[in-house]
file data-v4.txt (compact mmCIF, N, CA and C atoms)
# COMPACT_ATOMS: atom_id res chain seq x y z
N GLN U 485 -14.86 -17.79 -38.84
CA GLN U 485 -14.66 -16.81 -39.89
C GLN U 485 -13.97 -15.60 -39.30
N VAL U 486 -12.82 -15.24 -39.88
CA VAL U 486 -12.09 -14.08 -39.40
C VAL U 486 -12.78 -12.83 -39.91
N PRO U 487 -13.17 -11.94 -39.01
CA PRO U 487 -13.96 -10.78 -39.46
C PRO U 487 -13.20 -9.78 -40.32
N LEU U 488 -11.90 -9.66 -40.13
CA LEU U 488 -11.14 -8.67 -40.87
C LEU U 488 -9.84 -9.30 -41.34
N VAL U 489 -9.53 -9.14 -42.61
CA VAL U 489 -8.30 -9.69 -43.16
C VAL U 489 -7.64 -8.63 -44.02
N GLU U 490 -6.42 -8.23 -43.65
CA GLU U 490 -5.67 -7.25 -44.43
C GLU U 490 -4.81 -7.94 -45.49
N SER U 491 -4.52 -7.20 -46.53
CA SER U 491 -3.59 -7.66 -47.56
C SER U 491 -2.99 -6.45 -48.24
N GLY U 492 -1.94 -6.68 -49.01
CA GLY U 492 -1.35 -5.62 -49.81
C GLY U 492 -0.08 -5.01 -49.26
N GLY U 493 0.34 -5.43 -48.08
CA GLY U 493 1.58 -4.88 -47.55
C GLY U 493 2.79 -5.34 -48.33
N GLY U 494 3.92 -4.73 -48.04
CA GLY U 494 5.15 -5.09 -48.71
C GLY U 494 6.18 -3.99 -48.58
N MET U 495 7.15 -4.03 -49.45
CA MET U 495 8.21 -3.05 -49.44
C MET U 495 8.03 -2.09 -50.60
N VAL U 496 8.25 -0.81 -50.33
CA VAL U 496 8.10 0.22 -51.35
C VAL U 496 9.17 1.28 -51.11
N GLN U 497 9.59 1.92 -52.16
CA GLN U 497 10.60 2.97 -52.03
C GLN U 497 9.97 4.30 -51.64
N THR U 498 10.76 5.14 -51.03
CA THR U 498 10.30 6.48 -50.67
C THR U 498 9.74 7.18 -51.90
N GLY U 499 8.56 7.78 -51.71
CA GLY U 499 7.90 8.47 -52.80
C GLY U 499 6.98 7.58 -53.62
N GLY U 500 7.01 6.30 -53.37
CA GLY U 500 6.18 5.36 -54.11
C GLY U 500 4.78 5.23 -53.55
N SER U 501 4.04 4.26 -54.08
CA SER U 501 2.66 4.05 -53.69
C SER U 501 2.42 2.58 -53.37
N LEU U 502 1.41 2.39 -52.54
CA LEU U 502 1.02 1.04 -52.15
C LEU U 502 -0.44 1.08 -51.77
N ARG U 503 -1.18 0.02 -52.07
CA ARG U 503 -2.59 -0.04 -51.68
C ARG U 503 -2.83 -1.23 -50.76
N LEU U 504 -3.37 -0.94 -49.60
CA LEU U 504 -3.76 -1.98 -48.65
C LEU U 504 -5.24 -2.25 -48.80
N ALA U 505 -5.63 -3.49 -48.55
CA ALA U 505 -7.03 -3.87 -48.60
C ALA U 505 -7.43 -4.55 -47.30
N CYS U 506 -8.68 -4.38 -46.93
CA CYS U 506 -9.22 -5.00 -45.72
C CYS U 506 -10.57 -5.61 -46.06
N LEU U 507 -10.63 -6.93 -46.06
CA LEU U 507 -11.90 -7.63 -46.31
C LEU U 507 -12.66 -7.71 -45.01
N VAL U 508 -13.86 -7.14 -45.01
CA VAL U 508 -14.70 -7.10 -43.82
C VAL U 508 -15.77 -8.17 -43.96
N SER U 509 -15.64 -9.26 -43.25
CA SER U 509 -16.60 -10.36 -43.39
C SER U 509 -17.37 -10.62 -42.10
N GLY U 510 -17.15 -9.76 -41.10
CA GLY U 510 -17.83 -9.97 -39.83
C GLY U 510 -19.26 -9.49 -39.86
N ARG U 511 -19.45 -8.21 -39.58
CA ARG U 511 -20.79 -7.64 -39.52
C ARG U 511 -20.85 -6.34 -40.31
N PRO U 512 -20.64 -6.39 -41.60
CA PRO U 512 -20.58 -5.14 -42.37
C PRO U 512 -21.86 -4.33 -42.29
N GLN U 513 -23.01 -4.97 -42.13
CA GLN U 513 -24.27 -4.24 -42.10
C GLN U 513 -24.47 -3.49 -40.80
N SER U 514 -23.74 -3.85 -39.77
CA SER U 514 -23.91 -3.20 -38.47
C SER U 514 -22.62 -2.53 -38.01
N THR U 515 -21.81 -2.11 -38.97
CA THR U 515 -20.53 -1.50 -38.64
C THR U 515 -20.61 0.01 -38.75
N TYR U 516 -20.15 0.69 -37.72
CA TYR U 516 -20.16 2.16 -37.71
C TYR U 516 -19.02 2.71 -38.55
N ALA U 517 -17.86 2.11 -38.41
CA ALA U 517 -16.69 2.58 -39.13
C ALA U 517 -15.66 1.47 -39.24
N VAL U 518 -14.86 1.55 -40.27
CA VAL U 518 -13.66 0.72 -40.39
C VAL U 518 -12.47 1.66 -40.41
N GLY U 519 -11.51 1.37 -39.59
CA GLY U 519 -10.35 2.23 -39.48
C GLY U 519 -9.06 1.50 -39.81
N TRP U 520 -8.06 2.29 -40.16
CA TRP U 520 -6.70 1.79 -40.33
C TRP U 520 -5.83 2.40 -39.23
N PHE U 521 -5.05 1.55 -38.62
CA PHE U 521 -4.07 1.97 -37.62
C PHE U 521 -2.71 1.42 -38.03
N ARG U 522 -1.68 1.95 -37.43
CA ARG U 522 -0.34 1.42 -37.67
C ARG U 522 0.44 1.41 -36.36
N GLN U 523 1.41 0.51 -36.31
CA GLN U 523 2.18 0.37 -35.09
C GLN U 523 3.61 -0.05 -35.41
N THR U 524 4.55 0.58 -34.71
CA THR U 524 5.95 0.20 -34.79
C THR U 524 6.38 -0.31 -33.43
N PRO U 525 7.45 -1.10 -33.38
CA PRO U 525 7.88 -1.70 -32.11
C PRO U 525 8.11 -0.66 -31.02
N GLY U 526 7.54 -0.91 -29.86
CA GLY U 526 7.73 -0.04 -28.72
C GLY U 526 6.84 1.19 -28.69
N LYS U 527 5.98 1.32 -29.70
CA LYS U 527 5.09 2.48 -29.75
C LYS U 527 3.63 2.04 -29.71
N GLU U 528 2.78 2.97 -29.33
CA GLU U 528 1.35 2.69 -29.29
C GLU U 528 0.78 2.65 -30.71
N ARG U 529 -0.33 1.95 -30.81
CA ARG U 529 -1.01 1.88 -32.10
C ARG U 529 -1.54 3.27 -32.46
N GLU U 530 -1.30 3.69 -33.68
CA GLU U 530 -1.60 5.05 -34.12
C GLU U 530 -2.70 5.06 -35.17
N PHE U 531 -3.65 5.95 -35.00
CA PHE U 531 -4.74 6.11 -35.96
C PHE U 531 -4.19 6.66 -37.27
N VAL U 532 -4.71 6.09 -38.38
CA VAL U 532 -4.31 6.55 -39.71
C VAL U 532 -5.51 7.15 -40.45
N ALA U 533 -6.58 6.37 -40.56
CA ALA U 533 -7.75 6.83 -41.31
C ALA U 533 -8.94 5.96 -40.93
N ALA U 534 -10.14 6.48 -41.19
CA ALA U 534 -11.36 5.73 -40.94
C ALA U 534 -12.41 6.11 -41.97
N ILE U 535 -13.33 5.19 -42.20
CA ILE U 535 -14.39 5.43 -43.17
C ILE U 535 -15.69 4.88 -42.62
N ALA U 536 -16.78 5.60 -42.89
CA ALA U 536 -18.09 5.13 -42.49
C ALA U 536 -18.59 4.10 -43.49
N LEU U 537 -19.35 3.13 -43.01
CA LEU U 537 -19.95 2.16 -43.91
C LEU U 537 -21.33 2.60 -44.36
N ILE U 538 -21.82 3.68 -43.80
CA ILE U 538 -23.05 4.29 -44.26
C ILE U 538 -22.71 5.74 -44.58
N GLY U 539 -22.97 6.15 -45.80
CA GLY U 539 -22.59 7.51 -46.18
C GLY U 539 -21.20 7.55 -46.79
N VAL U 540 -20.68 8.74 -46.91
CA VAL U 540 -19.40 8.94 -47.59
C VAL U 540 -18.42 9.67 -46.69
N TYR U 541 -18.44 9.36 -45.42
CA TYR U 541 -17.61 10.09 -44.46
C TYR U 541 -16.27 9.41 -44.27
N THR U 542 -15.24 10.22 -44.16
CA THR U 542 -13.90 9.73 -43.90
C THR U 542 -13.19 10.64 -42.91
N GLY U 543 -12.13 10.13 -42.33
CA GLY U 543 -11.31 10.93 -41.43
C GLY U 543 -9.87 10.46 -41.51
N TYR U 544 -8.92 11.39 -41.31
CA TYR U 544 -7.52 11.08 -41.48
C TYR U 544 -6.69 11.69 -40.36
N ALA U 545 -5.58 11.05 -40.07
CA ALA U 545 -4.58 11.66 -39.22
C ALA U 545 -3.89 12.76 -40.02
N ASP U 546 -3.47 13.81 -39.33
CA ASP U 546 -2.82 14.93 -40.02
C ASP U 546 -1.58 14.48 -40.78
N SER U 547 -0.88 13.48 -40.26
CA SER U 547 0.38 13.05 -40.87
C SER U 547 0.19 12.39 -42.23
N VAL U 548 -1.02 11.97 -42.54
CA VAL U 548 -1.24 11.26 -43.81
C VAL U 548 -2.30 11.93 -44.67
N LYS U 549 -2.92 12.98 -44.19
CA LYS U 549 -4.12 13.54 -44.83
C LYS U 549 -3.92 13.84 -46.30
N SER U 550 -2.81 14.38 -46.68
CA SER U 550 -2.62 14.77 -48.08
C SER U 550 -2.01 13.66 -48.93
N ARG U 551 -1.71 12.50 -48.31
CA ARG U 551 -1.01 11.45 -49.06
C ARG U 551 -1.77 10.14 -49.13
N PHE U 552 -2.61 9.86 -48.16
CA PHE U 552 -3.34 8.60 -48.13
C PHE U 552 -4.81 8.85 -48.42
N LYS U 553 -5.46 7.84 -48.99
CA LYS U 553 -6.90 7.93 -49.23
C LYS U 553 -7.55 6.61 -48.85
N ILE U 554 -8.61 6.71 -48.05
CA ILE U 554 -9.36 5.53 -47.65
C ILE U 554 -10.63 5.47 -48.49
N SER U 555 -10.99 4.28 -48.91
CA SER U 555 -12.18 4.12 -49.72
C SER U 555 -12.78 2.74 -49.45
N ARG U 556 -13.93 2.50 -50.05
CA ARG U 556 -14.57 1.20 -49.84
C ARG U 556 -15.25 0.75 -51.12
N ASP U 557 -15.34 -0.56 -51.26
CA ASP U 557 -16.11 -1.18 -52.34
C ASP U 557 -17.16 -2.02 -51.64
N ALA U 558 -18.38 -1.47 -51.56
CA ALA U 558 -19.43 -2.13 -50.80
C ALA U 558 -19.76 -3.51 -51.38
N ALA U 559 -19.70 -3.64 -52.68
CA ALA U 559 -20.04 -4.91 -53.31
C ALA U 559 -19.07 -6.02 -52.91
N LYS U 560 -17.84 -5.63 -52.61
CA LYS U 560 -16.82 -6.60 -52.23
C LYS U 560 -16.57 -6.64 -50.73
N ASN U 561 -17.31 -5.82 -49.97
CA ASN U 561 -17.08 -5.72 -48.52
C ASN U 561 -15.61 -5.46 -48.21
N THR U 562 -15.01 -4.62 -48.99
CA THR U 562 -13.57 -4.38 -48.86
C THR U 562 -13.28 -2.90 -48.71
N MET U 563 -12.40 -2.59 -47.78
CA MET U 563 -11.93 -1.22 -47.58
C MET U 563 -10.50 -1.14 -48.10
N TYR U 564 -10.12 0.02 -48.60
CA TYR U 564 -8.79 0.20 -49.15
C TYR U 564 -8.11 1.40 -48.49
N LEU U 565 -6.81 1.30 -48.39
CA LEU U 565 -5.99 2.45 -48.00
C LEU U 565 -4.96 2.65 -49.09
N GLN U 566 -5.18 3.67 -49.91
CA GLN U 566 -4.23 4.00 -50.95
C GLN U 566 -3.17 4.92 -50.36
N MET U 567 -1.93 4.44 -50.36
CA MET U 567 -0.82 5.18 -49.78
C MET U 567 0.01 5.74 -50.92
N SER U 568 0.21 7.04 -50.94
CA SER U 568 1.00 7.70 -51.98
C SER U 568 2.09 8.54 -51.34
N ASP U 569 3.13 8.80 -52.12
CA ASP U 569 4.25 9.62 -51.62
C ASP U 569 4.70 9.13 -50.24
N VAL U 570 4.92 7.84 -50.13
CA VAL U 570 5.24 7.27 -48.83
C VAL U 570 6.62 7.70 -48.37
N LYS U 571 6.79 7.70 -47.05
CA LYS U 571 8.02 8.13 -46.42
C LYS U 571 8.52 7.01 -45.50
N PRO U 572 9.80 7.03 -45.16
CA PRO U 572 10.31 5.98 -44.25
C PRO U 572 9.54 5.91 -42.94
N GLU U 573 9.04 7.04 -42.47
CA GLU U 573 8.28 7.04 -41.21
C GLU U 573 6.92 6.40 -41.34
N ASP U 574 6.51 6.04 -42.55
CA ASP U 574 5.26 5.28 -42.73
C ASP U 574 5.48 3.79 -42.50
N THR U 575 6.72 3.37 -42.33
CA THR U 575 7.02 1.97 -42.07
C THR U 575 6.37 1.53 -40.77
N ALA U 576 5.57 0.47 -40.83
CA ALA U 576 4.85 -0.01 -39.67
C ALA U 576 4.06 -1.26 -40.05
N VAL U 577 3.51 -1.90 -39.04
CA VAL U 577 2.48 -2.91 -39.29
C VAL U 577 1.14 -2.18 -39.32
N TYR U 578 0.40 -2.38 -40.38
CA TYR U 578 -0.88 -1.70 -40.56
C TYR U 578 -2.01 -2.67 -40.24
N TYR U 579 -2.94 -2.18 -39.44
CA TYR U 579 -4.09 -2.98 -39.01
C TYR U 579 -5.38 -2.30 -39.45
N CYS U 580 -6.35 -3.11 -39.86
CA CYS U 580 -7.69 -2.55 -40.01
C CYS U 580 -8.54 -3.05 -38.85
N ALA U 581 -9.54 -2.28 -38.52
CA ALA U 581 -10.37 -2.57 -37.37
C ALA U 581 -11.80 -2.10 -37.63
N ALA U 582 -12.74 -2.73 -36.96
CA ALA U 582 -14.15 -2.39 -37.13
C ALA U 582 -14.76 -1.94 -35.81
N ASP U 583 -15.56 -0.89 -35.91
CA ASP U 583 -16.25 -0.32 -34.75
C ASP U 583 -17.75 -0.63 -34.92
N TYR U 584 -18.28 -1.38 -33.96
CA TYR U 584 -19.71 -1.70 -33.96
C TYR U 584 -20.37 -0.99 -32.77
N PRO U 585 -21.70 -0.81 -32.79
CA PRO U 585 -22.63 -1.06 -33.88
C PRO U 585 -22.84 0.20 -34.72
N ALA U 586 -23.55 0.07 -35.82
CA ALA U 586 -23.96 1.24 -36.57
C ALA U 586 -24.88 2.09 -35.69
N ARG U 587 -24.72 3.38 -35.75
CA ARG U 587 -25.52 4.26 -34.89
C ARG U 587 -25.73 5.58 -35.59
N GLY U 588 -26.72 6.32 -35.14
CA GLY U 588 -27.09 7.56 -35.79
C GLY U 588 -26.27 8.73 -35.30
N GLY U 589 -26.74 9.93 -35.64
CA GLY U 589 -26.02 11.13 -35.26
C GLY U 589 -25.00 11.51 -36.31
N ILE U 590 -24.30 12.61 -36.05
CA ILE U 590 -23.27 13.09 -36.98
C ILE U 590 -22.07 12.16 -36.89
N TRP U 591 -21.65 11.64 -38.04
CA TRP U 591 -20.54 10.70 -38.05
C TRP U 591 -19.24 11.40 -37.69
N SER U 592 -18.49 10.74 -36.82
CA SER U 592 -17.18 11.24 -36.42
C SER U 592 -16.23 10.07 -36.40
N PRO U 593 -15.04 10.19 -37.01
CA PRO U 593 -14.15 9.04 -37.10
C PRO U 593 -13.63 8.62 -35.73
N PRO U 594 -13.84 7.36 -35.37
CA PRO U 594 -13.24 6.87 -34.12
C PRO U 594 -11.72 6.82 -34.30
N THR U 595 -10.99 7.43 -33.41
CA THR U 595 -9.54 7.53 -33.57
C THR U 595 -8.76 6.78 -32.50
N ARG U 596 -9.42 6.26 -31.50
CA ARG U 596 -8.74 5.54 -30.42
C ARG U 596 -8.92 4.05 -30.59
N PRO U 597 -7.85 3.27 -30.41
CA PRO U 597 -7.98 1.81 -30.55
C PRO U 597 -9.08 1.20 -29.69
N VAL U 598 -9.33 1.76 -28.50
CA VAL U 598 -10.34 1.18 -27.60
C VAL U 598 -11.75 1.29 -28.15
N GLU U 599 -11.93 2.15 -29.15
CA GLU U 599 -13.26 2.31 -29.74
C GLU U 599 -13.60 1.20 -30.73
N TYR U 600 -12.63 0.39 -31.09
CA TYR U 600 -12.82 -0.64 -32.09
C TYR U 600 -12.99 -2.01 -31.44
N ASP U 601 -13.80 -2.84 -32.10
CA ASP U 601 -14.18 -4.13 -31.52
C ASP U 601 -13.47 -5.33 -32.14
N ASP U 602 -13.22 -5.27 -33.42
CA ASP U 602 -12.53 -6.37 -34.10
C ASP U 602 -11.31 -5.82 -34.82
N TRP U 603 -10.28 -6.65 -34.88
CA TRP U 603 -9.02 -6.26 -35.51
C TRP U 603 -8.54 -7.36 -36.46
N GLY U 604 -7.88 -6.92 -37.52
CA GLY U 604 -7.22 -7.86 -38.39
C GLY U 604 -5.87 -8.26 -37.82
N GLN U 605 -5.17 -9.11 -38.55
CA GLN U 605 -3.90 -9.64 -38.06
C GLN U 605 -2.73 -8.71 -38.38
N GLY U 606 -2.94 -7.74 -39.24
CA GLY U 606 -1.89 -6.79 -39.58
C GLY U 606 -1.14 -7.17 -40.84
N THR U 607 -0.62 -6.16 -41.51
CA THR U 607 0.21 -6.37 -42.69
C THR U 607 1.38 -5.39 -42.64
N GLN U 608 2.56 -5.89 -42.91
CA GLN U 608 3.77 -5.08 -42.78
C GLN U 608 3.96 -4.20 -44.01
N VAL U 609 4.23 -2.93 -43.76
CA VAL U 609 4.62 -1.99 -44.82
C VAL U 609 6.01 -1.47 -44.47
N THR U 610 6.93 -1.61 -45.39
CA THR U 610 8.30 -1.14 -45.20
C THR U 610 8.65 -0.16 -46.32
N VAL U 611 9.02 1.04 -45.93
CA VAL U 611 9.40 2.06 -46.91
C VAL U 611 10.91 2.23 -46.85
N SER U 612 11.57 1.98 -47.96
CA SER U 612 13.02 2.08 -48.01
C SER U 612 13.42 3.45 -48.55
N SER U 613 14.51 3.96 -48.00
CA SER U 613 14.97 5.29 -48.42
C SER U 613 15.95 5.19 -49.58

call {"tool": "encode", "arguments": {"input": "data-v4.txt", "output": "structure tokens"}}
result
Amino acid sequence: QVPLVESGGGMVQTGGSLRLACLVSGRPQSTYAVGWFRQTPGKEREFVAAIALIGVYTGYADSVKSRFKISRDAAKNTMYLQMSDVKPEDTAVYYCAADYPARGGIWSPPTRPVEYDDWGQGTQVTVSS
């Protein structure tokens, strides 16, 4: 069973919207956070957003904070990344990832790829100008 599966990528025009989904089927009950990252050829994987699976905590990269929204549907074990007002620089392969285990303390979004344990296969987002 693949723990994380992304969907919803595709091509969108500048200024448009797109919603990505991430089905979390691995260990949702013991997950600290699910994050979205993106990567373009020759560059490191970049943090986009993260959401706690307990509580209502979220975190965003400054480059997307006012345009993207991360959310979850607990009943469907699915996380979403709503992308609005997209720009050509948002073009990338988008990955969702899970950080285990669930733990206490003040929630803080994991922003480094090394903090995550499972990764999806990625979905391509292309923004045309």

call {"tool": "closest_residue", "arguments": {"input": "data-v4.txt", "among": "U:Leu502, U:Gly493, U:Pro585, U:Val570", "to": "Thr515 in chain U", "atoms": "all atoms listed in the file"}}
result
U:Pro585

call {"tool": "residues_around", "arguments": {"input": "data-v4.txt", "residues": "Gly500 in chain U", "least_positions_apart": "3", "cutoff": "6 Å", "atoms": "all atoms listed in the file", "output": "PDB file with N, CA and C atoms, keeping the file's coordinate frame"}}
result
ATOM      1  N   VAL U 496       8.250  -0.810 -50.330  1.00  0.00           N
ATOM      2  CA  VAL U 496       8.100   0.220 -51.350  1.00  0.00           C
ATOM      3  C   VAL U 496       9.170   1.280 -51.110  1.00  0.00           C
ATOM      4  N   GLN U 497       9.590   1.920 -52.160  1.00  0.00           N
ATOM      5  CA  GLN U 497      10.600   2.970 -52.030  1.00  0.00           C
ATOM      6  C   GLN U 497       9.970   4.300 -51.640  1.00  0.00           C
ATOM      7  N   MET U 567      -1.930   4.440 -50.360  1.00  0.00           N
ATOM      8  CA  MET U 567      -0.820   5.180 -49.780  1.00  0.00           C
ATOM      9  C   MET U 567       0.010   5.740 -50.920  1.00  0.00           C
ATOM     10  N   SER U 568       0.210   7.040 -50.940  1.00  0.00           N
ATOM     11  CA  SER U 568       1.000   7.700 -51.980  1.00  0.00           C
ATOM     12  C   SER U 568       2.090   8.540 -51.340  1.00  0.00           C
ATOM     13  N   ASP U 569       3.130   8.800 -52.120  1.00  0.00           N
ATOM     14  CA  ASP U 569       4.250   9.620 -51.620  1.00  0.00           C
ATOM     15  C   ASP U 569       4.700   9.130 -50.240  1.00  0.00           C
ATOM     16  N   VAL U 570       4.920   7.840 -50.130  1.00  0.00           N
ATOM     17  CA  VAL U 570       5.240   7.270 -48.830  1.00  0.00           C
ATOM     18  C   VAL U 570       6.620   7.700 -48.370  1.00  0.00           C
TER      19      VAL U 570
END

call {"tool": "residues_around", "arguments": {"input": "data-v4.txt", "residues": "Glu490 in chain U", "least_positions_apart": "2", "cutoff": "6.5 Å", "atoms": "all atoms listed in the file", "output": "list in words"}}
result
Leu488, Gly492, Gly493, Ala505, Cys506, Leu507, Cys580, Gly604, Gln605, Gly606 and Thr607 of chain U

call {"tool": "write_last_selection", "arguments": {"input": "data-v4.txt", "atoms": "N, CA and C atoms", "output": "mmCIF file, keeping the file's coordinate frame"}}
result
data_model
loop_
_atom_site.group_PDB
_atom_site.id
_atom_site.type_symbol
_atom_site.label_atom_id
_atom_site.label_comp_id
_atom_site.auth_asym_id
_atom_site.auth_seq_id
_atom_site.Cartn_x
_atom_site.Cartn_y
_atom_site.Cartn_z
ATOM 1 N N LEU U 488 -11.900 -9.660 -40.130
ATOM 2 C CA LEU U 488 -11.140 -8.670 -40.870
ATOM 3 C C LEU U 488 -9.840 -9.300 -41.340
ATOM 4 N N GLY U 492 -1.940 -6.680 -49.010
ATOM 5 C CA GLY U 492 -1.350 -5.620 -49.810
ATOM 6 C C GLY U 492 -0.080 -5.010 -49.260
ATOM 7 N N GLY U 493 0.340 -5.430 -48.080
ATOM 8 C CA GLY U 493 1.580 -4.880 -47.550
ATOM 9 C C GLY U 493 2.790 -5.340 -48.330
ATOM 10 N N ALA U 505 -5.630 -3.490 -48.550
ATOM 11 C CA ALA U 505 -7.030 -3.870 -48.600
ATOM 12 C C ALA U 505 -7.430 -4.550 -47.300
ATOM 13 N N CYS U 506 -8.680 -4.380 -46.930
ATOM 14 C CA CYS U 506 -9.220 -5.000 -45.720
ATOM 15 C C CYS U 506 -10.570 -5.610 -46.060
ATOM 16 N N LEU U 507 -10.630 -6.930 -46.060
ATOM 17 C CA LEU U 507 -11.900 -7.630 -46.310
ATOM 18 C C LEU U 507 -12.660 -7.710 -45.010
ATOM 19 N N CYS U 580 -6.350 -3.110 -39.860
ATOM 20 C CA CYS U 580 -7.690 -2.550 -40.010
ATOM 21 C C CYS U 580 -8.540 -3.050 -38.850
ATOM 22 N N GLY U 604 -7.880 -6.920 -37.520
ATOM 23 C CA GLY U 604 -7.220 -7.860 -38.390
ATOM 24 C C GLY U 604 -5.870 -8.260 -37.820
ATOM 25 N N GLN U 605 -5.170 -9.110 -38.550
ATOM 26 C CA GLN U 605 -3.900 -9.640 -38.060
ATOM 27 C C GLN U 605 -2.730 -8.710 -38.380
ATOM 28 N N GLY U 606 -2.940 -7.740 -39.240
ATOM 29 C CA GLY U 606 -1.890 -6.790 -39.580
ATOM 30 C C GLY U 606 -1.140 -7.170 -40.840
ATOM 31 N N THR U 607 -0.620 -6.160 -41.510
ATOM 32 C CA THR U 607 0.210 -6.370 -42.690
ATOM 33 C C THR U 607 1.380 -5.390 -42.640
#

call {"tool": "residues_around", "arguments": {"input": "data-v4.txt", "residues": "Arg551 in chain U", "least_positions_apart": "2", "cutoff": "12 Å", "atoms": "only C-alpha atoms", "output": "PyMOL selection string"}}
result
chain U and resi 499-503+532-533+544-549+553-554+565-571+574

call {"tool": "residues_around", "arguments": {"input": "data-v4.txt", "residues": "Gln608 in chain U", "least_positions_apart": "2", "cutoff": "6 Å", "atoms": "only N, CA and C atoms", "output": "list of chain:residue names"}}
result
U:Gly493, U:Gly494, U:Ala576, U:Val577, U:Tyr578, U:Gly606, U:Thr610

call {"tool": "closest_residue", "arguments": {"input": "data-v4.txt", "among": "U:Trp603, U:Pro597, U:Pro525, U:Tyr541", "to": "Tyr579 in chain U", "atoms": "all atoms listed in the file"}}
result
U:Trp603

call {"tool": "residues_near_point", "arguments": {"input": "data-v4.txt", "point": "(-23.4, -1.3, -35.1)", "cutoff": "6.5 Å", "atoms": "only N, CA and C atoms", "output": "list in words"}}
result
Gln513, Ser514, Thr515, Tyr516, Asp583, Tyr584, Pro585, Ala586 and Arg587 of chain U

call {"tool": "closest_residue", "arguments": {"input": "data-v4.txt", "among": "U:Ala559, U:Val598, U:Ile590, U:Ala581", "to": "Val489 in chain U", "atoms": "only N, CA and C atoms"}}
result
U:Ala581

call {"tool": "select_by_dssp", "arguments": {"input": "data-v4.txt", "residues": "range 491-608 of chain U", "states": "strand (DSSP E)", "output": "PyMOL selection string"}}
result
chain U and resi 491+494-497+502-508+517-523+530-536+542-544+552-557+562-567+576-583+602-603+607-608

call {"tool": "closest_residue", "arguments": {"input": "data-v4.txt", "among": "U:Ser612, U:Val518, U:Gln523, U:Arg529", "to": "Pro572 in chain U", "atoms": "only C-alpha atoms"}}
result
U:Ser612

call {"tool": "atom_distance", "arguments": {"input": "data-v4.txt", "atom1": "atom N of Met495 in chain U", "atom2": "CA of Ser555 in chain U"}}
result
21.0 Å

call {"tool": "atom_distance", "arguments": {"input": "data-v4.txt", "atom1": "atom C of Ser509 in chain U", "atom2": "atom C of Asp557 in chain U"}}
result
12.8 Å

call {"tool": "axis_aligned_box", "arguments": {"input": "data-v4.txt", "around": "range 488-493 of chain U", "padding_each_side": "4 Å", "output": "AutoDock Vina command-line options"}}
result
--center_x -4.6 --center_y -7.3 --center_z -45.0 --size_x 22.7 --size_y 12.8 --size_z 17.7

call {"tool": "atom_distance", "arguments": {"input": "data-v4.txt", "atom1": "atom N of Arg511 in chain U", "atom2": "atom N of Ile535 in chain U"}}
result
15.0 Å

call {"tool": "closest_residue", "arguments": {"input": "data-v4.txt", "among": "U:Ser550, U:Thr498, U:Thr595, U:Asn561", "to": "Gly519 in chain U", "atoms": "all atoms listed in the file"}}
result
U:Thr595

call {"tool": "closest_residue", "arguments": {"input": "data-v4.txt", "among": "U:Met563, U:Ala517, U:Ile538, U:Val611", "to": "Pro594 in chain U", "atoms": "only C-alpha atoms"}}
result
U:Ala517
